[in-house]
>>> print(open('final-v8.cif').read())   # mmCIF, C-alpha atoms
data_start
#
loop_
_atom_site.group_PDB
_atom_site.id
_atom_site.type_symbol
_atom_site.label_atom_id
_atom_site.label_comp_id
_atom_site.auth_asym_id
_atom_site.auth_seq_id
_atom_site.Cartn_x
_atom_site.Cartn_y
_atom_site.Cartn_z
ATOM 1 C CA MET A 14 18.366 -37.583 -59.682
ATOM 2 C CA ASP A 15 19.665 -35.969 -56.551
ATOM 3 C CA ARG A 16 16.972 -35.355 -53.944
ATOM 4 C CA LYS A 17 17.766 -33.105 -51.032
ATOM 5 C CA VAL A 18 15.315 -32.907 -48.214
ATOM 6 C CA LYS A 19 14.896 -29.347 -47.054
ATOM 7 C CA GLY A 20 14.068 -28.642 -43.417
ATOM 8 C CA TYR A 21 15.505 -27.797 -40.056
ATOM 9 C CA THR A 22 17.867 -29.967 -38.107
ATOM 10 C CA LEU A 23 17.139 -31.005 -34.552
ATOM 11 C CA ILE A 24 19.928 -28.734 -33.259
ATOM 12 C CA GLU A 25 18.449 -25.679 -34.980
ATOM 13 C CA VAL A 26 15.027 -26.366 -33.466
ATOM 14 C CA ALA A 27 16.572 -26.867 -30.003
ATOM 15 C CA VAL A 28 18.447 -23.553 -30.235
ATOM 16 C CA VAL A 29 15.284 -21.665 -31.224
ATOM 17 C CA ILE A 30 13.303 -23.272 -28.380
ATOM 18 C CA ALA A 31 16.083 -22.360 -25.900
ATOM 19 C CA ILE A 32 16.083 -18.727 -27.033
ATOM 20 C CA ILE A 33 12.294 -18.493 -26.796
ATOM 21 C CA SER A 34 12.370 -20.061 -23.308
ATOM 22 C CA ILE A 35 14.924 -17.539 -22.055
ATOM 23 C CA LEU A 36 12.919 -14.611 -23.435
ATOM 24 C CA MET A 37 9.688 -15.974 -21.923
ATOM 25 C CA GLY A 38 11.357 -16.409 -18.523
ATOM 26 C CA LEU A 39 12.569 -12.813 -18.536
ATOM 27 C CA SER A 40 9.226 -11.414 -19.651
ATOM 28 C CA ILE A 41 7.259 -13.398 -17.055
ATOM 29 C CA ARG A 42 9.538 -12.099 -14.277
ATOM 30 C CA TYR A 43 9.031 -8.541 -15.564
ATOM 31 C CA LEU A 44 5.244 -8.990 -15.640
ATOM 32 C CA ILE A 45 5.186 -10.381 -12.086
ATOM 33 C CA ASN A 46 7.211 -7.390 -10.838
ATOM 34 C CA GLN A 47 4.854 -4.995 -12.641
ATOM 35 C CA ARG A 48 1.847 -6.695 -11.032
ATOM 36 C CA ASN A 49 3.413 -6.406 -7.558
ATOM 37 C CA GLU A 50 4.274 -2.728 -8.122
ATOM 38 C CA ALA A 51 0.673 -2.113 -9.208
ATOM 39 C CA ARG A 52 -0.560 -3.765 -6.006
ATOM 40 C CA LEU A 53 1.681 -1.503 -3.922
ATOM 41 C CA ARG A 54 0.418 1.594 -5.791
ATOM 42 C CA GLU A 55 -3.148 0.402 -5.273
ATOM 43 C CA ALA A 56 -2.492 -0.066 -1.544
ATOM 44 C CA VAL A 57 -0.951 3.416 -1.204
ATOM 45 C CA ASN A 58 -3.877 5.009 -3.049
ATOM 46 C CA SER A 59 -6.381 3.076 -0.913
ATOM 47 C CA VAL A 60 -4.724 4.133 2.336
ATOM 48 C CA ILE A 61 -4.693 7.774 1.217
ATOM 49 C CA GLN A 62 -8.380 7.452 0.351
ATOM 50 C CA TYR A 63 -9.168 5.901 3.772
ATOM 51 C CA LEU A 64 -7.210 8.646 5.534
ATOM 52 C CA GLU A 65 -8.964 11.434 3.591
ATOM 53 C CA GLU A 66 -12.370 9.853 4.127
ATOM 54 C CA THR A 67 -11.751 9.360 7.865
ATOM 55 C CA ARG A 68 -10.551 12.953 8.226
ATOM 56 C CA ARG A 69 -13.585 14.271 6.354
ATOM 57 C CA MET A 70 -16.001 12.137 8.393
ATOM 58 C CA SER A 71 -14.398 13.250 11.683
ATOM 59 C CA SER A 72 -14.886 16.916 10.928
ATOM 60 C CA SER A 73 -18.657 16.501 10.641
ATOM 61 C CA ARG A 74 -19.339 14.442 13.776
ATOM 62 C CA ASP A 75 -19.341 14.826 17.549
ATOM 63 C CA PHE A 76 -16.746 12.099 17.940
ATOM 64 C CA MET A 77 -13.327 11.356 16.497
ATOM 65 C CA LEU A 78 -12.515 8.650 13.966
ATOM 66 C CA GLY A 79 -9.244 6.860 13.456
ATOM 67 C CA LEU A 80 -7.409 4.168 11.549
ATOM 68 C CA GLU A 81 -5.218 1.448 13.033
ATOM 69 C CA PHE A 82 -2.428 -0.300 11.129
ATOM 70 C CA SER A 83 -0.766 -3.346 12.741
ATOM 71 C CA ASN A 84 2.794 -4.382 11.983
ATOM 72 C CA GLY A 85 2.858 -7.381 9.641
ATOM 73 C CA SER A 86 -0.861 -7.204 8.883
ATOM 74 C CA ASN A 87 -2.738 -6.357 5.712
ATOM 75 C CA GLN A 88 -5.814 -5.150 7.621
ATOM 76 C CA ILE A 89 -6.801 -1.582 8.412
ATOM 77 C CA ILE A 90 -9.342 -0.972 11.161
ATOM 78 C CA ARG A 91 -11.484 2.170 11.200
ATOM 79 C CA PHE A 92 -12.737 2.979 14.676
ATOM 80 C CA ARG A 93 -14.711 5.569 16.580
ATOM 81 C CA VAL A 94 -13.364 7.142 19.761
ATOM 82 C CA ASP A 95 -14.992 9.631 22.100
ATOM 83 C CA ASN A 96 -13.521 13.086 22.637
ATOM 84 C CA ASN A 97 -11.485 12.113 25.715
ATOM 85 C CA CYS A 98 -10.011 9.030 23.975
ATOM 86 C CA ALA A 99 -11.430 6.666 26.559
ATOM 87 C CA ASN A 100 -13.862 4.481 24.622
ATOM 88 C CA ARG A 101 -13.057 2.948 21.278
ATOM 89 C CA ASN A 102 -15.458 1.068 18.993
ATOM 90 C CA ASN A 103 -14.390 -0.618 15.771
ATOM 91 C CA ILE A 104 -16.567 0.383 12.817
ATOM 92 C CA GLU A 105 -15.142 -1.458 9.804
ATOM 93 C CA THR A 106 -12.123 -3.323 8.472
ATOM 94 C CA PHE A 107 -10.334 -2.904 5.145
ATOM 95 C CA ASN A 108 -7.832 -5.272 3.526
ATOM 96 C CA LEU A 109 -4.751 -4.246 1.595
ATOM 97 C CA PRO A 110 -3.963 -6.037 -1.694
ATOM 98 C CA GLU A 111 -2.208 -9.403 -1.562
ATOM 99 C CA GLY A 112 1.514 -9.158 -0.794
ATOM 100 C CA VAL A 113 1.298 -5.678 0.806
ATOM 101 C CA ILE A 114 1.487 -5.278 4.587
ATOM 102 C CA SER A 115 1.844 -2.506 7.114
ATOM 103 C CA ASN A 116 5.446 -2.304 8.303
ATOM 104 C CA ARG A 117 4.820 -0.638 11.674
ATOM 105 C CA ASP A 118 2.117 -0.233 14.311
ATOM 106 C CA THR A 119 0.336 3.061 13.695
ATOM 107 C CA VAL A 120 -2.817 4.640 15.061
ATOM 108 C CA ILE A 121 -4.021 7.870 13.486
ATOM 109 C CA ILE A 122 -7.057 9.656 14.915
ATOM 110 C CA PHE A 123 -8.575 12.770 13.356
ATOM 111 C CA ASP A 124 -10.316 15.354 15.540
ATOM 112 C CA ARG A 125 -13.148 17.714 14.526
ATOM 113 C CA MET A 126 -10.623 20.240 13.202
ATOM 114 C CA SER A 127 -9.103 17.547 10.932
ATOM 115 C CA TYR A 128 -5.832 17.505 12.858
ATOM 116 C CA PRO A 129 -4.176 14.094 13.280
ATOM 117 C CA ARG A 130 -3.630 12.640 16.723
ATOM 118 C CA ASN A 131 -1.739 9.580 17.879
ATOM 119 C CA ALA A 132 -3.001 6.604 19.927
ATOM 120 C CA SER A 133 -2.944 8.630 23.165
ATOM 121 C CA CYS A 134 -4.742 11.546 21.442
ATOM 122 C CA GLY A 135 -1.645 13.722 21.375
ATOM 123 C CA ILE A 136 -1.444 16.085 18.424
ATOM 124 C CA GLY A 137 1.374 15.434 16.019
ATOM 125 C CA ALA A 138 2.636 14.118 12.719
ATOM 126 C CA ASP A 139 2.802 10.418 11.964
ATOM 127 C CA ARG A 140 3.306 8.010 9.098
ATOM 128 C CA VAL A 141 1.956 4.777 7.687
ATOM 129 C CA VAL A 142 4.597 2.459 6.246
ATOM 130 C CA LEU A 143 3.511 -0.055 3.596
ATOM 131 C CA HIS A 144 5.800 -2.851 2.453
ATOM 132 C CA SER A 145 5.570 -5.030 -0.665
ATOM 133 C CA GLN A 146 6.851 -8.430 0.398
ATOM 134 C CA PRO A 147 7.576 -9.872 -3.066
ATOM 135 C CA LEU A 148 9.483 -6.765 -4.201
ATOM 136 C CA ASN A 149 10.942 -5.751 -0.828
ATOM 137 C CA ILE A 150 9.922 -2.123 -1.503
ATOM 138 C CA THR A 151 8.643 0.287 1.140
ATOM 139 C CA ARG A 152 6.464 3.396 0.773
ATOM 140 C CA SER A 153 5.650 5.794 3.601
ATOM 141 C CA ILE A 154 2.489 7.842 3.711
ATOM 142 C CA CYS A 155 3.314 10.927 5.751
ATOM 143 C CA ILE A 156 0.666 12.896 7.631
ATOM 144 C CA ASN A 157 1.981 16.192 8.984
ATOM 145 C CA ARG A 158 0.608 17.920 12.077
ATOM 146 C CA TYR A 159 -1.864 19.889 9.952
ATOM 147 C CA GLY A 160 -3.311 16.757 8.323
ATOM 148 C CA MET A 161 -1.596 17.102 4.941
ATOM 149 C CA ILE A 162 -0.805 13.732 3.332
ATOM 150 C CA ARG A 163 2.041 12.826 0.978
ATOM 151 C CA VAL A 164 3.915 9.711 -0.131
ATOM 152 C CA VAL A 165 7.684 9.183 0.082
ATOM 153 C CA GLU A 166 9.836 6.206 -0.914
ATOM 154 C CA ALA A 167 11.664 6.029 2.408
ATOM 155 C CA GLN A 168 10.945 4.584 5.865
ATOM 156 C CA THR A 169 10.933 8.026 7.462
ATOM 157 C CA CYS A 170 9.167 11.250 6.595
ATOM 158 C CA PRO A 171 10.923 14.579 6.100
ATOM 159 C CA GLN A 172 10.172 17.227 8.713
ATOM 160 C CA ASP A 173 7.620 19.854 7.660
#
>>> encode(input="final-v8.cif", output="structure tokens")
Amino acid sequence: MDRKVKGYTLIEVAVVIAIISILMGLSIRYLINQRNEARLREAVNSVIQYLEETRRMSSSRDFMLGLEFSNGSNQIIRFRVDNNCANRNNIETFNLPEGVISNRDTVIIFDRMSYPRNASCGIGADRVVLHSQPLNITRSICINRYGMIRVVEAQTCPQD
């Protein structure tokens, strides 16, 4: 009586494990990139929300409000400034999601007419640049001189 043992050889099992490991490695990398892209989108949406909220709050008060973004930081500071831009008081601080930082120093102040101003209270357009460190991707949030906000995938904003 001839008995043959049926089963898999050690080489066949090793090949299957190697293939599964390669596929898992690729899928984990893809999932990490998706998570980092979601964090960048979340940061962009949060900054737009903070800008809109600050602009709306400024139009209903006797003082101006602004946001400060520091290069290399994940913090956003909302502050109050008087009408001649002399006195500044910090109101609150927001944090961007992990791995997302501001890529340039920016101060945006909104006056009672909802027009953006720079750090010296001069009227004009400006931008907030956010950078995802793990992905090395940059998004710019452009604020034109009329206070309109839009997002571009470049470091600079197109002229309006």
>>> residues_near_point(input="final-v8.cif", point="(5.8, 0.7, 7.5)", cutoff="8 Å", atoms="all atoms listed in the file", output="ChimeraX atom specification")
/A:84,114-118,140-144,151-153,168
>>> axis_aligned_box(input="final-v8.cif", around="region 25-44 of chain A", padding_each_side="5 Å", output="AutoDock Vina command-line options")
--center_x 11.8 --center_y -17.7 --center_z -24.6 --size_x 23.2 --size_y 28.3 --size_z 30.7
>>> atom_distance(input="final-v8.cif", atom1="CA of Thr169 (chain A)", atom2="CA of Asn97 (chain A)")
29.2 Å
>>> closest_residue(input="final-v8.cif", among="A:Ser127, A:Ser133, A:Gln62, A:Thr106", to="Val94 (chain A)", atoms="all atoms listed in the file")
A:Ser133
>>> resolve_selection(input="final-v8.cif", expression="the PyMOL selection byres ((chain A and resi 156) around 6)", output="PyMOL selection string")
chain A and resi 138-140+155+157+160-162
>>> residues_around(input="final-v8.cif", residues="Ile89 (chain A)", least_positions_apart="5", cutoff="7 Å", atoms="all atoms listed in the file", output="VMD selection string")
chain A and resid 80 to 82 106 to 108
>>> atom_distance(input="final-v8.cif", atom1="CA of Arg125 (chain A)", atom2="CA of Arg93 (chain A)")
12.4 Å
>>> decode(input="final-v8.cif", residues="region 80-115 of chain A", atoms="N, CA, C and O atoms", output="JSON list (two decimals), in the first residue's frame")
[["chain", "number", "residue", "atom", "x", "y", "z"],
["A", 80, "LEU", "N", -5.12, 86.69, 12.85],
["A", 80, "LEU", "CA", -4.51, 85.38, 13.08],
["A", 80, "LEU", "C", -3.02, 85.48, 12.76],
["A", 80, "LEU", "O", -2.63, 86.13, 11.79],
["A", 81, "GLU", "N", -2.22, 84.81, 13.57],
["A", 81, "GLU", "CA", -0.77, 84.78, 13.35],
["A", 81, "GLU", "C", -0.32, 83.34, 13.15],
["A", 81, "GLU", "O", -0.64, 82.46, 13.94],
["A", 82, "PHE", "N", 0.44, 83.13, 12.08],
["A", 82, "PHE", "CA", 1.02, 81.84, 11.75],
["A", 82, "PHE", "C", 2.54, 82.00, 11.80],
["A", 82, "PHE", "O", 3.08, 82.89, 11.14],
["A", 83, "SER", "N", 3.23, 81.16, 12.56],
["A", 83, "SER", "CA", 4.69, 81.25, 12.66],
["A", 83, "SER", "C", 5.33, 80.14, 11.85],
["A", 83, "SER", "O", 4.87, 78.99, 11.86],
["A", 84, "ASN", "N", 6.42, 80.47, 11.17],
["A", 84, "ASN", "CA", 7.13, 79.52, 10.34],
["A", 84, "ASN", "C", 7.62, 78.35, 11.19],
["A", 84, "ASN", "O", 8.26, 78.55, 12.21],
["A", 85, "GLY", "N", 7.31, 77.13, 10.76],
["A", 85, "GLY", "CA", 7.76, 75.94, 11.47],
["A", 85, "GLY", "C", 6.92, 75.55, 12.67],
["A", 85, "GLY", "O", 7.26, 74.63, 13.39],
["A", 86, "SER", "N", 5.82, 76.24, 12.88],
["A", 86, "SER", "CA", 4.97, 75.97, 14.04],
["A", 86, "SER", "C", 3.64, 75.39, 13.60],
["A", 86, "SER", "O", 3.16, 75.64, 12.50],
["A", 87, "ASN", "N", 3.02, 74.63, 14.49],
["A", 87, "ASN", "CA", 1.68, 74.11, 14.20],
["A", 87, "ASN", "C", 0.62, 74.87, 14.99],
["A", 87, "ASN", "O", -0.51, 74.43, 15.07],
["A", 88, "GLN", "N", 0.98, 76.01, 15.57],
["A", 88, "GLN", "CA", 0.03, 76.81, 16.34],
["A", 88, "GLN", "C", -0.43, 78.03, 15.56],
["A", 88, "GLN", "O", 0.32, 78.63, 14.81],
["A", 89, "ILE", "N", -1.71, 78.36, 15.77],
["A", 89, "ILE", "CA", -2.30, 79.56, 15.20],
["A", 89, "ILE", "C", -2.79, 80.39, 16.38],
["A", 89, "ILE", "O", -3.48, 79.88, 17.26],
["A", 90, "ILE", "N", -2.43, 81.66, 16.39],
["A", 90, "ILE", "CA", -2.84, 82.54, 17.48],
["A", 90, "ILE", "C", -3.86, 83.54, 16.97],
["A", 90, "ILE", "O", -3.61, 84.24, 15.98],
["A", 91, "ARG", "N", -5.03, 83.58, 17.60],
["A", 91, "ARG", "CA", -6.02, 84.62, 17.30],
["A", 91, "ARG", "C", -5.80, 85.75, 18.30],
["A", 91, "ARG", "O", -5.66, 85.51, 19.49],
["A", 92, "PHE", "N", -5.77, 86.97, 17.79],
["A", 92, "PHE", "CA", -5.50, 88.11, 18.66],
["A", 92, "PHE", "C", -6.44, 89.27, 18.33],
["A", 92, "PHE", "O", -7.05, 89.32, 17.27],
["A", 93, "ARG", "N", -6.50, 90.18, 19.27],
["A", 93, "ARG", "CA", -7.30, 91.39, 19.13],
["A", 93, "ARG", "C", -6.33, 92.56, 19.02],
["A", 93, "ARG", "O", -5.31, 92.60, 19.71],
["A", 94, "VAL", "N", -6.63, 93.49, 18.13],
["A", 94, "VAL", "CA", -5.78, 94.67, 17.96],
["A", 94, "VAL", "C", -6.69, 95.89, 17.85],
["A", 94, "VAL", "O", -7.79, 95.81, 17.29],
["A", 95, "ASP", "N", -6.25, 97.00, 18.42],
["A", 95, "ASP", "CA", -7.08, 98.20, 18.34],
["A", 95, "ASP", "C", -7.00, 98.79, 16.94],
["A", 95, "ASP", "O", -6.23, 98.35, 16.10],
["A", 96, "ASN", "N", -7.81, 99.79, 16.67],
["A", 96, "ASN", "CA", -7.96, 100.31, 15.31],
["A", 96, "ASN", "C", -6.71, 100.99, 14.75],
["A", 96, "ASN", "O", -6.59, 101.16, 13.55],
["A", 97, "ASN", "N", -5.78, 101.40, 15.61],
["A", 97, "ASN", "CA", -4.54, 102.01, 15.08],
["A", 97, "ASN", "C", -3.37, 101.02, 15.11],
["A", 97, "ASN", "O", -2.23, 101.41, 14.93],
["A", 98, "CYS", "N", -3.67, 99.76, 15.34],
["A", 98, "CYS", "CA", -2.68, 98.66, 15.32],
["A", 98, "CYS", "C", -1.56, 98.83, 16.34],
["A", 98, "CYS", "O", -0.45, 98.37, 16.13],
["A", 99, "ALA", "N", -1.86, 99.48, 17.43],
["A", 99, "ALA", "CA", -0.83, 99.71, 18.44],
["A", 99, "ALA", "C", -0.82, 98.62, 19.51],
["A", 99, "ALA", "O", 0.25, 98.13, 19.88],
["A", 100, "ASN", "N", -1.95, 98.26, 20.02],
["A", 100, "ASN", "CA", -2.02, 97.29, 21.12],
["A", 100, "ASN", "C", -2.59, 95.96, 20.63],
["A", 100, "ASN", "O", -3.63, 95.93, 20.00],
["A", 101, "ARG", "N", -1.90, 94.91, 20.99],
["A", 101, "ARG", "CA", -2.31, 93.58, 20.56],
["A", 101, "ARG", "C", -2.47, 92.68, 21.78],
["A", 101, "ARG", "O", -1.59, 92.61, 22.63],
["A", 102, "ASN", "N", -3.59, 91.97, 21.85],
["A", 102, "ASN", "CA", -3.84, 91.03, 22.95],
["A", 102, "ASN", "C", -4.22, 89.67, 22.37],
["A", 102, "ASN", "O", -5.18, 89.58, 21.59],
["A", 103, "ASN", "N", -3.50, 88.64, 22.77],
["A", 103, "ASN", "CA", -3.82, 87.29, 22.31],
["A", 103, "ASN", "C", -5.11, 86.82, 22.97],
["A", 103, "ASN", "O", -5.32, 87.01, 24.16],
["A", 104, "ILE", "N", -5.98, 86.22, 22.17],
["A", 104, "ILE", "CA", -7.27, 85.74, 22.67],
["A", 104, "ILE", "C", -7.25, 84.23, 22.86],
["A", 104, "ILE", "O", -7.61, 83.71, 23.91],
["A", 105, "GLU", "N", -6.85, 83.49, 21.82],
["A", 105, "GLU", "CA", -6.83, 82.03, 21.90],
["A", 105, "GLU", "C", -5.81, 81.45, 20.94],
["A", 105, "GLU", "O", -5.34, 82.13, 20.03],
["A", 106, "THR", "N", -5.51, 80.17, 21.16],
["A", 106, "THR", "CA", -4.53, 79.46, 20.34],
["A", 106, "THR", "C", -5.16, 78.19, 19.80],
["A", 106, "THR", "O", -5.87, 77.49, 20.52],
["A", 107, "PHE", "N", -4.90, 77.90, 18.53],
["A", 107, "PHE", "CA", -5.37, 76.68, 17.89],
["A", 107, "PHE", "C", -4.16, 75.87, 17.46],
["A", 107, "PHE", "O", -3.12, 76.43, 17.14],
["A", 108, "ASN", "N", -4.31, 74.56, 17.42],
["A", 108, "ASN", "CA", -3.24, 73.67, 16.95],
["A", 108, "ASN", "C", -3.65, 72.98, 15.65],
["A", 108, "ASN", "O", -4.78, 72.53, 15.53],
["A", 109, "LEU", "N", -2.71, 72.93, 14.72],
["A", 109, "LEU", "CA", -2.93, 72.18, 13.49],
["A", 109, "LEU", "C", -2.73, 70.69, 13.77],
["A", 109, "LEU", "O", -2.09, 70.33, 14.76],
["A", 110, "PRO", "N", -3.25, 69.81, 12.91],
["A", 110, "PRO", "CA", -3.05, 68.37, 13.12],
["A", 110, "PRO", "C", -1.57, 68.00, 13.09],
["A", 110, "PRO", "O", -0.73, 68.71, 12.52],
["A", 111, "GLU", "N", -1.25, 66.86, 13.69],
["A", 111, "GLU", "CA", 0.11, 66.37, 13.77],
["A", 111, "GLU", "C", 0.72, 66.22, 12.38],
["A", 111, "GLU", "O", 0.09, 65.70, 11.46],
["A", 112, "GLY", "N", 1.95, 66.71, 12.22],
["A", 112, "GLY", "CA", 2.66, 66.58, 10.95],
["A", 112, "GLY", "C", 2.43, 67.73, 9.98],
["A", 112, "GLY", "O", 3.04, 67.78, 8.93],
["A", 113, "VAL", "N", 1.56, 68.69, 10.34],
["A", 113, "VAL", "CA", 1.27, 69.83, 9.47],
["A", 113, "VAL", "C", 1.75, 71.10, 10.18],
["A", 113, "VAL", "O", 1.43, 71.33, 11.34],
["A", 114, "ILE", "N", 2.56, 71.89, 9.47],
["A", 114, "ILE", "CA", 3.08, 73.14, 10.03],
["A", 114, "ILE", "C", 2.85, 74.29, 9.06],
["A", 114, "ILE", "O", 2.60, 74.08, 7.89],
["A", 115, "SER", "N", 2.95, 75.49, 9.60],
["A", 115, "SER", "CA", 2.94, 76.68, 8.76],
["A", 115, "SER", "C", 4.32, 76.81, 8.14],
["A", 115, "SER", "O", 5.33, 76.60, 8.81]]
